[in-house]
$ cat run_29.csv   # CSV, C-alpha atoms
chain,number,residue,atom,x,y,z
D,1,MET,CA,8.0,-25.9,-5.4
D,2,GLY,CA,5.7,-27.2,-2.7
D,3,SER,CA,2.1,-26.1,-2.5
D,4,SER,CA,2.9,-24.4,0.8
D,5,ARG,CA,3.3,-20.9,-0.6
D,6,ARG,CA,-0.2,-20.6,-1.9
D,7,TYR,CA,-1.5,-18.7,1.1
D,8,TRP,CA,0.0,-15.5,-0.1
D,9,PHE,CA,-3.2,-15.0,-2.0
D,10,PRO,CA,-5.7,-14.8,0.9
D,11,LEU,CA,-3.4,-12.3,2.6
D,12,ALA,CA,-3.1,-10.1,-0.5
D,13,ALA,CA,-6.8,-10.4,-1.2
D,14,LEU,CA,-7.7,-9.2,2.2
D,15,GLY,CA,-5.3,-6.3,1.9
D,16,PHE,CA,-6.7,-5.2,-1.4
D,17,ALA,CA,-10.2,-5.6,0.0
D,18,GLN,CA,-9.3,-3.3,2.9
D,19,LEU,CA,-7.9,-0.7,0.6
D,20,ILE,CA,-11.0,-0.7,-1.5
D,21,MET,CA,-13.1,-0.6,1.7
D,22,VAL,CA,-11.3,2.6,2.8
D,23,LEU,CA,-11.6,4.0,-0.7
D,24,ALA,CA,-15.3,3.5,-0.7
D,25,GLU,CA,-15.5,5.2,2.6
D,26,LEU,CA,-13.4,8.1,1.5
D,27,LEU,CA,-15.2,8.7,-1.8
D,28,PRO,CA,-17.6,11.6,-1.4
D,29,GLY,CA,-21.0,10.2,-1.8
D,30,GLU,CA,-24.5,10.7,-0.5
D,31,SER,CA,-24.0,8.2,2.3
D,32,LEU,CA,-21.6,10.4,4.2
D,33,PRO,CA,-24.0,13.2,5.4
D,34,ALA,CA,-26.4,10.5,6.5
D,35,GLY,CA,-23.6,8.8,8.5
D,36,TYR,CA,-22.7,12.1,10.1
D,37,PHE,CA,-26.3,12.8,10.9
D,38,THR,CA,-26.9,9.6,12.7
D,39,ASP,CA,-23.6,9.9,14.6
D,40,LEU,CA,-24.5,13.4,15.6
D,41,ARG,CA,-27.9,12.7,17.0
D,42,ALA,CA,-27.5,9.2,18.2
D,43,LEU,CA,-24.4,8.7,20.2
D,44,PRO,CA,-23.6,11.2,22.9
D,45,MET,CA,-27.0,11.6,24.2
D,46,SER,CA,-26.1,11.6,27.9
D,47,ARG,CA,-23.1,13.9,27.3
D,48,GLU,CA,-25.2,16.2,25.3
D,49,ASN,CA,-27.6,16.6,28.2
D,50,GLU,CA,-24.7,17.2,30.4
D,51,LEU,CA,-23.3,19.8,28.1
D,52,ALA,CA,-26.5,21.5,27.6
D,53,THR,CA,-27.3,21.7,31.3
D,54,SER,CA,-23.8,22.6,32.4
D,55,THR,CA,-23.0,25.2,29.8
D,56,PHE,CA,-26.2,27.0,29.5
D,57,GLY,CA,-27.9,26.2,32.8
D,58,GLY,CA,-31.0,25.3,31.1
D,59,THR,CA,-33.4,22.4,31.6
D,60,GLY,CA,-31.8,20.1,29.1
D,61,LEU,CA,-33.3,19.2,25.8
D,62,PRO,CA,-36.9,19.2,24.9
D,63,SER,CA,-38.5,15.8,25.0
D,64,GLY,CA,-39.1,15.8,21.2
D,65,TYR,CA,-35.5,15.5,20.5
D,66,ARG,CA,-35.0,12.6,22.8
D,67,ASP,CA,-37.5,10.6,20.7
D,68,LEU,CA,-35.6,11.4,17.6
D,69,ALA,CA,-32.3,10.4,19.1
D,70,VAL,CA,-33.6,7.1,20.3
D,71,ALA,CA,-35.1,6.2,17.0
D,72,VAL,CA,-31.9,7.0,15.1
D,73,SER,CA,-29.6,5.2,17.6
D,74,VAL,CA,-31.5,2.0,17.0
D,75,ASP,CA,-30.7,2.5,13.3
D,76,ARG,CA,-27.1,3.0,14.0
D,77,GLY,CA,-26.4,-0.4,15.3
D,78,SER,CA,-26.4,-1.9,11.9
D,79,SER,CA,-24.4,0.7,10.1
D,80,ALA,CA,-20.6,0.5,9.9
D,81,THR,CA,-18.0,3.0,9.0
D,82,LEU,CA,-16.5,0.4,6.6
D,83,GLY,CA,-18.3,-2.1,4.4
D,84,TRP,CA,-16.8,-5.2,6.2
D,85,LEU,CA,-19.5,-7.6,5.2
D,86,VAL,CA,-19.4,-7.1,1.5
D,87,ALA,CA,-15.6,-7.0,1.5
D,88,LEU,CA,-15.3,-10.2,3.5
D,89,ALA,CA,-17.7,-12.0,1.3
D,90,CYS,CA,-15.8,-11.0,-1.8
D,91,VAL,CA,-12.5,-12.2,-0.2
D,92,VAL,CA,-14.0,-15.5,0.8
D,93,ALA,CA,-15.3,-16.1,-2.7
D,94,ALA,CA,-12.0,-15.1,-4.3
D,95,VAL,CA,-10.0,-17.3,-1.9
D,96,ALA,CA,-12.3,-20.2,-2.6
D,97,GLY,CA,-11.8,-19.8,-6.3
D,98,TRP,CA,-8.0,-19.6,-5.8
D,99,TYR,CA,-7.9,-22.7,-3.8
D,100,TRP,CA,-10.1,-24.5,-6.2
D,101,LEU,CA,-7.7,-23.7,-9.1
D,102,ASP,CA,-4.7,-24.4,-7.0
D,103,LEU,CA,-5.9,-27.8,-5.7
D,104,ARG,CA,-6.7,-28.8,-9.2
D,105,ARG,CA,-3.4,-27.7,-10.5
D,106,ALA,CA,-1.6,-29.6,-7.7
D,107,GLY,CA,-3.3,-32.8,-8.9
D,108,THR,CA,-5.6,-33.3,-5.9
D,109,PRO,CA,-8.9,-31.9,-7.1
D,110,PRO,CA,-11.3,-31.5,-4.2
D,111,ARG,CA,-14.7,-33.0,-4.2
D,112,THR,CA,-17.0,-30.6,-5.9
D,113,GLY,CA,-20.0,-31.0,-3.7
D,114,ARG,CA,-18.2,-30.6,-0.4
D,115,PHE,CA,-16.1,-27.7,-1.7
D,116,VAL,CA,-19.1,-25.8,-2.8
D,117,LEU,CA,-20.9,-26.6,0.4
D,118,GLY,CA,-17.9,-25.4,2.5
D,119,THR,CA,-17.7,-22.2,0.5
D,120,LEU,CA,-21.4,-21.5,0.9
D,121,GLY,CA,-21.2,-22.3,4.6
D,122,ALA,CA,-18.3,-19.8,5.0
D,123,LEU,CA,-20.3,-17.2,3.0
D,124,LEU,CA,-23.3,-17.7,5.3
D,125,ALA,CA,-21.2,-17.8,8.5
D,126,ILE,CA,-20.0,-14.2,7.9
D,127,PRO,CA,-23.4,-12.5,8.5
D,128,VAL,CA,-24.3,-15.0,11.1
D,129,LEU,CA,-21.1,-14.3,13.1
D,130,ASP,CA,-21.7,-10.6,12.6
D,131,LEU,CA,-25.2,-10.9,14.0
D,132,VAL,CA,-24.0,-12.9,17.0
D,133,GLY,CA,-21.4,-10.3,17.7
D,134,ALA,CA,-24.0,-7.5,17.5
D,135,LEU,CA,-26.7,-9.2,19.5
D,136,GLN,CA,-24.9,-11.3,22.0
D,137,PHE,CA,-21.7,-9.3,22.6
D,138,ARG,CA,-22.9,-5.8,21.6
D,139,LEU,CA,-19.8,-5.0,19.7
D,140,GLY,CA,-19.4,-2.1,17.4
D,141,ALA,CA,-19.7,-2.7,13.7
D,142,ASP,CA,-16.1,-2.1,12.8
D,143,VAL,CA,-14.9,-4.3,15.6
D,144,ARG,CA,-17.1,-7.1,14.5
D,145,GLY,CA,-15.8,-7.0,11.0
D,146,ALA,CA,-12.2,-7.0,12.1
D,147,LEU,CA,-12.9,-9.9,14.5
D,148,VAL,CA,-14.5,-12.0,11.7
D,149,ALA,CA,-11.5,-11.2,9.5
D,150,THR,CA,-9.2,-12.3,12.2
D,151,LEU,CA,-11.1,-15.5,12.7
D,152,GLY,CA,-10.8,-16.2,9.0
D,153,LEU,CA,-7.0,-15.6,9.2
D,154,LEU,CA,-6.8,-18.0,12.1
D,155,LEU,CA,-8.7,-20.6,10.1
D,156,LEU,CA,-6.3,-20.1,7.3
D,157,ALA,CA,-3.4,-20.6,9.7
D,158,GLY,CA,-4.9,-23.8,11.0
D,159,TYR,CA,-5.5,-25.1,7.5
D,160,GLU,CA,-2.0,-24.3,6.3
D,161,ARG,CA,-0.4,-25.2,9.7
D,162,SER,CA,1.6,-22.0,9.5
D,163,ARG,CA,2.8,-20.1,12.6
D,164,PHE,CA,3.6,-17.2,10.4
D,165,VAL,CA,-0.1,-16.7,9.6
D,166,VAL,CA,-1.0,-16.9,13.3
D,167,ALA,CA,1.4,-14.1,14.0
D,168,VAL,CA,0.0,-12.1,11.1
D,169,ALA,CA,-3.5,-12.6,12.5
D,170,GLY,CA,-2.4,-11.4,15.9
D,171,VAL,CA,-0.9,-8.2,14.5
D,172,PHE,CA,-3.9,-7.7,12.3
D,173,ALA,CA,-6.3,-8.0,15.3
D,174,LEU,CA,-4.1,-5.6,17.4
D,175,VAL,CA,-4.0,-3.0,14.7
D,176,THR,CA,-7.6,-3.1,13.6
D,177,VAL,CA,-9.3,-3.6,17.0
D,178,VAL,CA,-7.1,-2.2,19.6
D,179,PHE,CA,-4.8,0.6,18.4
D,180,LEU,CA,-6.2,2.8,15.8
D,181,PRO,CA,-9.5,4.4,14.7
D,182,PRO,CA,-11.2,2.2,12.1
D,183,VAL,CA,-10.2,3.8,8.8
D,184,ALA,CA,-6.5,4.4,9.6
D,185,GLY,CA,-6.4,1.0,11.3
D,186,ALA,CA,-7.7,-0.7,8.1
D,187,LEU,CA,-5.0,1.1,6.1
D,188,VAL,CA,-2.2,0.0,8.5
D,189,ALA,CA,-3.6,-3.5,8.6
D,190,ALA,CA,-3.6,-3.6,4.8
D,191,GLY,CA,0.1,-2.6,4.9
D,192,VAL,CA,0.8,-5.5,7.3
D,193,LEU,CA,-1.1,-8.0,5.1
D,194,PHE,CA,0.8,-6.9,2.0
D,195,GLY,CA,4.1,-7.2,3.8
D,196,ALA,CA,3.2,-10.7,5.0
D,197,ALA,CA,2.1,-11.7,1.4
D,198,PHE,CA,5.4,-10.5,0.0
D,199,ALA,CA,7.3,-12.3,2.7
D,200,VAL,CA,5.4,-15.5,2.0
D,201,LEU,CA,6.2,-15.2,-1.7
D,202,LEU,CA,9.8,-14.5,-1.2
D,203,ARG,CA,10.4,-17.2,1.3
D,204,GLY,CA,9.4,-19.7,-1.2
D,205,PRO,CA,11.8,-20.5,-4.0
D,206,ALA,CA,15.5,-21.0,-3.2
D,207,ASP,CA,16.7,-19.0,-6.2
D,208,THR,CA,14.7,-16.0,-5.1
D,209,ALA,CA,16.3,-16.2,-1.7
D,210,ALA,CA,19.7,-16.2,-3.3
D,211,ASP,CA,18.9,-13.3,-5.6
D,212,THR,CA,17.3,-11.2,-3.0
D,213,PRO,CA,19.0,-11.2,0.4
J,29,MET,CA,15.8,-15.5,-12.0
J,30,GLY,CA,15.3,-12.9,-14.6
J,31,ARG,CA,16.8,-9.5,-14.5
J,32,GLY,CA,13.5,-7.6,-14.1
J,33,SER,CA,12.5,-9.4,-11.0
J,34,ARG,CA,14.2,-6.8,-8.8
J,35,SER,CA,11.8,-4.1,-9.8
J,36,TRP,CA,8.9,-5.5,-7.7
J,37,PHE,CA,10.5,-3.9,-4.7
J,38,PRO,CA,10.3,-0.2,-5.7
J,39,LEU,CA,6.7,-0.7,-6.8
J,40,ALA,CA,5.7,-2.3,-3.6
J,41,LEU,CA,7.6,0.3,-1.6
J,42,LEU,CA,6.0,3.2,-3.3
J,43,GLY,CA,2.6,1.6,-2.9
J,44,SER,CA,3.2,1.0,0.8
J,45,ALA,CA,4.5,4.5,1.3
J,46,GLN,CA,1.3,5.8,-0.3
J,47,ILE,CA,-0.8,3.8,2.1
J,48,GLY,CA,1.3,5.1,4.9
J,49,MET,CA,0.7,8.7,3.6
J,50,VAL,CA,-3.0,8.2,3.6
J,51,ALA,CA,-3.0,6.8,7.1
J,52,VAL,CA,-0.9,9.7,8.4
J,53,GLN,CA,-3.2,12.1,6.7
J,54,LEU,CA,-6.3,10.5,8.2
J,55,VAL,CA,-4.8,10.4,11.7
J,56,SER,CA,-3.6,14.0,11.5
J,57,ARG,CA,-6.9,15.1,10.3
J,58,ARG,CA,-8.3,13.8,13.5
J,59,SER,CA,-6.4,16.0,15.8
J,60,PRO,CA,-7.8,19.4,15.0
J,61,ALA,CA,-11.2,17.9,15.5
J,62,GLU,CA,-10.3,16.9,19.0
J,63,ASP,CA,-8.8,20.3,19.6
J,64,GLU,CA,-12.0,21.9,18.4
J,65,SER,CA,-14.3,19.8,20.6
J,66,ALA,CA,-12.0,20.5,23.6
J,67,ASN,CA,-12.3,24.2,22.8
J,68,LEU,CA,-16.0,23.8,22.7
J,69,LEU,CA,-16.0,22.2,26.1
J,70,LEU,CA,-13.6,24.5,27.8
J,71,GLY,CA,-14.2,27.7,26.1
J,72,PRO,CA,-16.9,30.3,26.9
J,73,ALA,CA,-20.4,29.6,25.8
J,74,PRO,CA,-21.1,30.7,22.3
J,75,SER,CA,-23.6,33.3,21.7
J,76,ALA,CA,-25.7,31.3,19.3
J,77,GLY,CA,-27.7,29.7,22.0
J,78,ALA,CA,-28.5,26.1,22.9
J,79,GLU,CA,-28.5,24.9,19.4
J,80,TYR,CA,-24.9,25.6,18.9
J,81,GLY,CA,-23.7,23.5,21.7
J,82,ARG,CA,-25.9,20.6,20.7
J,83,THR,CA,-25.2,20.4,17.0
J,84,GLN,CA,-21.5,21.1,17.3
J,85,TRP,CA,-20.8,18.2,19.6
J,86,LEU,CA,-19.4,15.5,17.2
J,87,THR,CA,-18.1,12.2,18.1
J,88,GLN,CA,-14.4,12.0,17.3
J,89,ASP,CA,-14.8,9.1,14.9
J,90,ALA,CA,-17.2,11.1,12.8
J,91,PHE,CA,-14.7,13.8,12.2
J,92,PHE,CA,-12.4,12.3,9.7
J,93,SER,CA,-13.0,14.2,6.5
J,94,LEU,CA,-13.4,17.5,8.2
J,95,GLY,CA,-10.3,19.2,9.4
J,96,ARG,CA,-7.3,20.3,7.4
J,97,GLY,CA,-4.7,17.6,7.9
J,98,LEU,CA,-1.0,17.9,7.0
J,99,PRO,CA,0.2,19.9,4.0
J,100,THR,CA,0.3,17.6,1.0
J,101,GLY,CA,3.6,18.8,-0.6
J,102,PRO,CA,6.0,18.0,2.3
J,103,VAL,CA,4.3,14.6,2.9
J,104,TRP,CA,4.8,13.6,-0.7
J,105,LEU,CA,8.4,14.8,-0.5
J,106,VAL,CA,9.2,12.8,2.6
J,107,ALA,CA,7.5,9.7,1.2
J,108,LEU,CA,9.3,9.9,-2.1
J,109,GLY,CA,12.6,10.4,-0.3
J,110,VAL,CA,12.0,7.4,1.8
J,111,VAL,CA,11.1,5.3,-1.2
J,112,LEU,CA,14.2,6.5,-3.1
J,113,ALA,CA,16.5,5.7,-0.2
J,114,GLY,CA,14.9,2.3,0.3
J,115,THR,CA,15.2,1.5,-3.4
J,116,ALA,CA,18.8,2.5,-3.4
J,117,VAL,CA,19.5,0.2,-0.5
J,118,TRP,CA,17.6,-2.6,-2.2
J,119,TYR,CA,19.5,-2.3,-5.4
J,120,ALA,CA,22.8,-2.1,-3.6
J,121,ALA,CA,22.0,-5.3,-1.7
J,122,ALA,CA,20.7,-7.1,-4.8
J,123,MET,CA,23.4,-6.0,-7.3
J,124,ARG,CA,26.4,-5.4,-5.2
J,125,PRO,CA,27.7,-2.5,-7.4
J,126,VAL,CA,31.4,-2.5,-8.2
J,127,ARG,CA,31.9,1.2,-8.0
J,128,THR,CA,30.5,2.1,-4.7
J,129,GLY,CA,31.4,5.8,-5.0
J,130,TRP,CA,29.4,6.3,-8.2
J,131,PHE,CA,26.4,4.5,-6.7
J,132,VAL,CA,26.4,6.6,-3.5
J,133,LEU,CA,26.9,9.7,-5.6
J,134,GLY,CA,24.0,8.9,-7.8
J,135,THR,CA,21.7,8.2,-4.9
J,136,VAL,CA,22.6,11.4,-3.1
J,137,GLY,CA,22.1,13.3,-6.4
J,138,ALA,CA,18.7,11.8,-6.9
J,139,LEU,CA,17.8,12.6,-3.3
J,140,LEU,CA,18.9,16.2,-3.9
J,141,ALA,CA,17.1,16.4,-7.2
J,142,LEU,CA,13.8,15.6,-5.5
J,143,PRO,CA,13.2,18.9,-3.7
J,144,LEU,CA,14.9,20.7,-6.6
J,145,LEU,CA,12.4,19.3,-9.1
J,146,ASP,CA,9.6,20.0,-6.7
J,147,LEU,CA,10.7,23.7,-6.5
J,148,VAL,CA,10.9,23.9,-10.2
J,149,GLY,CA,7.4,22.5,-10.6
J,150,SER,CA,6.2,24.9,-8.0
J,151,TRP,CA,7.8,28.1,-9.3
J,152,GLN,CA,8.1,27.6,-13.0
J,153,PHE,CA,5.1,25.6,-13.9
J,154,ARG,CA,2.9,26.7,-10.9
J,155,LEU,CA,1.6,23.2,-10.2
J,156,GLY,CA,-0.6,22.5,-7.3
J,157,ASP,CA,0.6,20.8,-4.1
J,158,GLY,CA,-1.1,17.5,-4.6
J,159,LEU,CA,0.0,17.4,-8.2
J,160,ARG,CA,3.8,17.6,-8.0
J,161,GLY,CA,4.2,14.5,-5.9
J,162,PRO,CA,2.4,12.2,-8.3
J,163,LEU,CA,4.3,13.7,-11.2
J,164,LEU,CA,7.7,13.2,-9.5
J,165,ALA,CA,6.6,9.6,-8.7
J,166,THR,CA,5.7,9.0,-12.3
J,167,LEU,CA,9.1,10.4,-13.4
J,168,GLY,CA,10.7,7.9,-11.0
J,169,LEU,CA,8.7,5.0,-12.4
J,170,LEU,CA,9.6,6.0,-15.9
J,171,VAL,CA,13.3,6.0,-15.0
J,172,LEU,CA,12.8,2.6,-13.4
J,173,ALA,CA,11.1,1.3,-16.5
J,174,ALA,CA,13.9,2.5,-18.7
J,175,TYR,CA,16.6,1.1,-16.4
J,176,GLU,CA,15.0,-2.3,-16.2
J,177,ARG,CA,13.7,-2.2,-19.8
J,178,SER,CA,10.5,-3.6,-18.6
J,179,ARG,CA,7.3,-3.0,-20.4
J,180,LEU,CA,5.2,-4.0,-17.4
J,181,VAL,CA,6.8,-1.2,-15.3
J,182,LEU,CA,6.2,1.2,-18.1
J,183,LEU,CA,2.5,0.3,-18.3
J,184,THR,CA,2.3,0.6,-14.5
J,185,ALA,CA,3.8,4.1,-14.7
J,186,LEU,CA,1.3,5.1,-17.4
J,187,VAL,CA,-1.7,3.8,-15.4
J,188,PHE,CA,-0.3,5.4,-12.3
J,189,ALA,CA,0.0,8.8,-14.0
J,190,VAL,CA,-3.5,8.5,-15.4
J,191,ILE,CA,-5.0,7.7,-12.0
J,192,ALA,CA,-2.9,9.9,-9.7
J,193,VAL,CA,-2.5,12.9,-11.9
J,194,VAL,CA,-5.4,13.0,-14.3
J,195,LEU,CA,-8.3,11.5,-12.5
J,196,SER,CA,-7.9,12.8,-9.0
J,197,ALA,CA,-4.9,14.2,-7.3
J,198,ASP,CA,-6.6,13.7,-4.0
J,199,ILE,CA,-6.4,11.2,-1.2
J,200,VAL,CA,-8.6,8.9,-3.3
J,201,GLY,CA,-6.2,9.0,-6.2
J,202,VAL,CA,-3.3,8.2,-3.9
J,203,LEU,CA,-5.1,5.1,-2.6
J,204,LEU,CA,-6.2,3.9,-6.0
J,205,SER,CA,-2.7,4.3,-7.4
J,206,ALA,CA,-1.4,2.4,-4.4
J,207,ILE,CA,-3.6,-0.5,-5.3
J,208,VAL,CA,-2.3,-0.4,-8.9
J,209,LEU,CA,1.3,-0.3,-7.7
J,210,LEU,CA,0.9,-3.2,-5.3
J,211,ALA,CA,-1.0,-5.3,-8.0
J,212,ALA,CA,1.9,-4.5,-10.4
J,213,ALA,CA,4.4,-5.6,-7.8
J,214,PHE,CA,2.7,-8.9,-7.3
J,215,ALA,CA,2.5,-9.3,-11.1
J,216,VAL,CA,6.2,-8.7,-11.5
J,217,LEU,CA,7.1,-11.1,-8.7
J,218,LEU,CA,4.8,-13.9,-10.0
J,219,ARG,CA,5.9,-13.4,-13.6
J,220,TRP,CA,9.5,-13.9,-12.9
J,221,ALA,CA,9.0,-16.7,-10.4
J,222,PRO,CA,6.0,-18.5,-11.8
J,223,ASP,CA,6.8,-21.5,-9.5
J,224,THR,CA,5.7,-19.6,-6.5
J,225,LEU,CA,2.2,-19.5,-7.9
J,226,ARG,CA,1.6,-22.8,-6.0

$ encode --input "run_29.csv" --output "structure tokens"
Amino acid sequence: MGSSRRYWFPLAALGFAQLIMVLAELLPGESLPAGYFTDLRALPMSRENELATSTFGGTGLPSGYRDLAVAVSVDRGSSATLGWLVALACVVAAVAGWYWLDLRRAGTPPRTGRFVLGTLGALLAIPVLDLVGALQFRLGADVRGALVATLGLLLLAGYERSRFVVAVAGVFALVTVVFLPPVAGALVAAGVLFGAAFAVLLRGPADTAADTP
Amino acid sequence: MGRGSRSWFPLALLGSAQIGMVAVQLVSRRSPAEDESANLLLGPAPSAGAEYGRTQWLTQDAFFSLGRGLPTGPVWLVALGVVLAGTAVWYAAAMRPVRTGWFVLGTVGALLALPLLDLVGSWQFRLGDGLRGPLLATLGLLVLAAYERSRLVLLTALVFAVIAVVLSADIVGVLLSAIVLLAAAFAVLLRWAPDTLR
């Protein structure tokens, strides 16, 4: 059994992380009303004005509300629907641990210093990339998280030299970024990742392939 | 390959079906919100004054957990039917049963028993909509555990029942139990093919 099947674990870990992310978002907590409040006041300022003037023929909103809206909309830039940052950091840490064990088991233990350095670099790169996406490209929080996750999948594909993982990363990016609203998109992407992980596991040993057509 | 290695597929299929259920529910909860905002735009001005129009304008992404969504009972039934049919196909492909007639008969019988048991639970025991589906799924898992004589599947069924029935028969419970099922599927797969660990 070659060591080429070990990358089922990052796929499955990312899938589980997404499920837990959605779970944390769905759980009724004190954070939800706050999120709704900011969304309410912050986003559709121009459309609100339009609505108010067109429907009621008034003079728009009083100026005091405008200040409130601006203040909250600055705050909104950092809040995401899903906790991508924490989830991605956990996934990176788990995957690093997995590869550490796997490389040691395979008889080629990595150099400790470099391995730890690389892991810490990856952990640091997540918030930095997120900030770059926010400040430079002005992307939404959920899009940023999904893009960083896609980048991680592409890195994995490059490391493992697997075209399959490239395809999975493409589908993942399509589902999370393009097609669906963030929460349902994360669920569908988790399904895609689980399917990919099972496919990787099943493609491995020959006797499994014989047993399960 | 051991005998119990086939049982990863029903577990994974049920977990995936539950994820799909939650996704469908979330997406379907979105549509009434859009309808409502459209009504707000196109309909006559409400009598409450300017405050109404301003506070009722919600962005569509913020509307997930409002709205009604699909009815829970039929969604569970459809998901369980799909899982049952998929499992039957999987076992037919993996085992190549000798007596095809009995196999097809058993599958059709199980598919028919599904809505029947649902009706019994609804009328006789007066169980809630969100409760019958997890109970039926637990029953199916117990049957699977008995058939495969697998203690791991039995344990999974118990944990599934505790989470999906006792703790919360809500969308959260569905997601949590899906996580449990998928983890169990990976465990079964890795236990019977330990070489694939690497």

$ residues_near_point --input "run_29.csv" --point "(-16.0, -8.6, 11.0)" --cutoff "10 Å" --atoms "only C-alpha atoms" --output "count of residues only"
24

$ closest_residue --input "run_29.csv" --among "J:Gly137, J:Gly114, J:Gly48, J:Pro125" --to "chain D" --atoms "only C-alpha atoms"
J:Gly48

$ atom_distance --input "run_29.csv" --atom1 "CA of Leu186 (chain J)" --atom2 "CA of Val50 (chain J)"
21.7 Å

$ atom_distance --input "run_29.csv" --atom1 "CA of Leu23 (chain D)" --atom2 "CA of Val208 (chain J)"
13.2 Å

$ closest_residue --input "run_29.csv" --among "D:Ala184, D:Ala173, D:Ala199, D:Ala134" --to "chain J" --atoms "only C-alpha atoms"
D:Ala184

$ residues_near_point --input "run_29.csv" --point "(-4.6, 6.1, -6.8)" --cutoff "10 Å" --atoms "all atoms listed in the file" --output "tab-separated table (two decimals) with C-alpha atoms, keeping the file's coordinate frame"
chain	number	residue	atom	x	y	z
D	23	LEU	CA	-11.60	4.00	-0.70
J	43	GLY	CA	2.60	1.60	-2.90
J	46	GLN	CA	1.30	5.80	-0.30
J	47	ILE	CA	-0.80	3.80	2.10
J	162	PRO	CA	2.40	12.20	-8.30
J	187	VAL	CA	-1.70	3.80	-15.40
J	188	PHE	CA	-0.30	5.40	-12.30
J	189	ALA	CA	0.00	8.80	-14.00
J	190	VAL	CA	-3.50	8.50	-15.40
J	191	ILE	CA	-5.00	7.70	-12.00
J	192	ALA	CA	-2.90	9.90	-9.70
J	193	VAL	CA	-2.50	12.90	-11.90
J	195	LEU	CA	-8.30	11.50	-12.50
J	196	SER	CA	-7.90	12.80	-9.00
J	197	ALA	CA	-4.90	14.20	-7.30
J	198	ASP	CA	-6.60	13.70	-4.00
J	199	ILE	CA	-6.40	11.20	-1.20
J	200	VAL	CA	-8.60	8.90	-3.30
J	201	GLY	CA	-6.20	9.00	-6.20
J	202	VAL	CA	-3.30	8.20	-3.90
J	203	LEU	CA	-5.10	5.10	-2.60
J	204	LEU	CA	-6.20	3.90	-6.00
J	205	SER	CA	-2.70	4.30	-7.40
J	206	ALA	CA	-1.40	2.40	-4.40
J	207	ILE	CA	-3.60	-0.50	-5.30
J	208	VAL	CA	-2.30	-0.40	-8.90
J	209	LEU	CA	1.30	-0.30	-7.70

$ atom_distance --input "run_29.csv" --atom1 "CA of Arg5 (chain D)" --atom2 "CA of Leu201 (chain D)"
6.5 Å

$ closest_residue --input "run_29.csv" --among "J:Leu145, J:Ala45, J:Phe214, J:Phe37" --to "Ala121 (chain J)" --atoms "all atoms listed in the file"
J:Phe37

$ closest_residue --input "run_29.csv" --among "J:Met49, J:Val171, J:Leu105, J:Leu164" --to "chain D" --atoms "only C-alpha atoms"
J:Met49

$ residues_around --input "run_29.csv" --residues "Val175 (chain D)" --least-positions-apart "6" --cutoff "8 Å" --atoms "only C-alpha atoms" --output "NGL selection string"
:D and (185-186 or 188-189)

$ closest_residue --input "run_29.csv" --among "J:Val216, J:Leu39, J:Ala173, J:Ala211" --to "Trp118 (chain J)" --atoms "all atoms listed in the file"
J:Leu39

$ closest_residue --input "run_29.csv" --among "D:Gly113, D:Thr108, D:Val91, D:Ala125" --to "Ala12 (chain D)" --atoms "all atoms listed in the file"
D:Val91

$ residues_around --input "run_29.csv" --residues "Leu139 (chain J)" --least-positions-apart "6" --cutoff "8 Å" --atoms "all atoms listed in the file" --output "PyMOL selection string"
chain J and resi 109+112-113

$ decode --input "run_29.csv" --residues "region 147-156 of chain D" --atoms "N, CA and C atoms" --output "JSON list (two decimals), in the first residue's frame"
[["chain", "number", "residue", "atom", "x", "y", "z"],
["D", 147, "LEU", "N", -12.22, 30.93, -0.54],
["D", 147, "LEU", "CA", -11.06, 31.02, -1.44],
["D", 147, "LEU", "C", -9.80, 30.52, -0.75],
["D", 148, "VAL", "N", -9.64, 30.85, 0.53],
["D", 148, "VAL", "CA", -8.46, 30.36, 1.25],
["D", 148, "VAL", "C", -8.50, 28.84, 1.33],
["D", 149, "ALA", "N", -9.69, 28.29, 1.58],
["D", 149, "ALA", "CA", -9.81, 26.83, 1.64],
["D", 149, "ALA", "C", -9.47, 26.22, 0.28],
["D", 150, "THR", "N", -9.93, 26.86, -0.81],
["D", 150, "THR", "CA", -9.61, 26.35, -2.14],
["D", 150, "THR", "C", -8.11, 26.38, -2.38],
["D", 151, "LEU", "N", -7.48, 27.46, -1.93],
["D", 151, "LEU", "CA", -6.03, 27.57, -2.08],
["D", 151, "LEU", "C", -5.33, 26.42, -1.34],
["D", 152, "GLY", "N", -5.84, 26.13, -0.14],
["D", 152, "GLY", "CA", -5.27, 25.01, 0.61],
["D", 152, "GLY", "C", -5.43, 23.70, -0.13],
["D", 153, "LEU", "N", -6.59, 23.48, -0.74],
["D", 153, "LEU", "CA", -6.81, 22.26, -1.51],
["D", 153, "LEU", "C", -5.86, 22.19, -2.70],
["D", 154, "LEU", "N", -5.63, 23.33, -3.35],
["D", 154, "LEU", "CA", -4.72, 23.34, -4.49],
["D", 154, "LEU", "C", -3.30, 23.03, -4.04],
["D", 155, "LEU", "N", -2.91, 23.57, -2.86],
["D", 155, "LEU", "CA", -1.59, 23.25, -2.31],
["D", 155, "LEU", "C", -1.47, 21.75, -2.07],
["D", 156, "LEU", "N", -2.53, 21.18, -1.50],
["D", 156, "LEU", "CA", -2.54, 19.74, -1.26],
["D", 156, "LEU", "C", -2.38, 18.97, -2.56]]
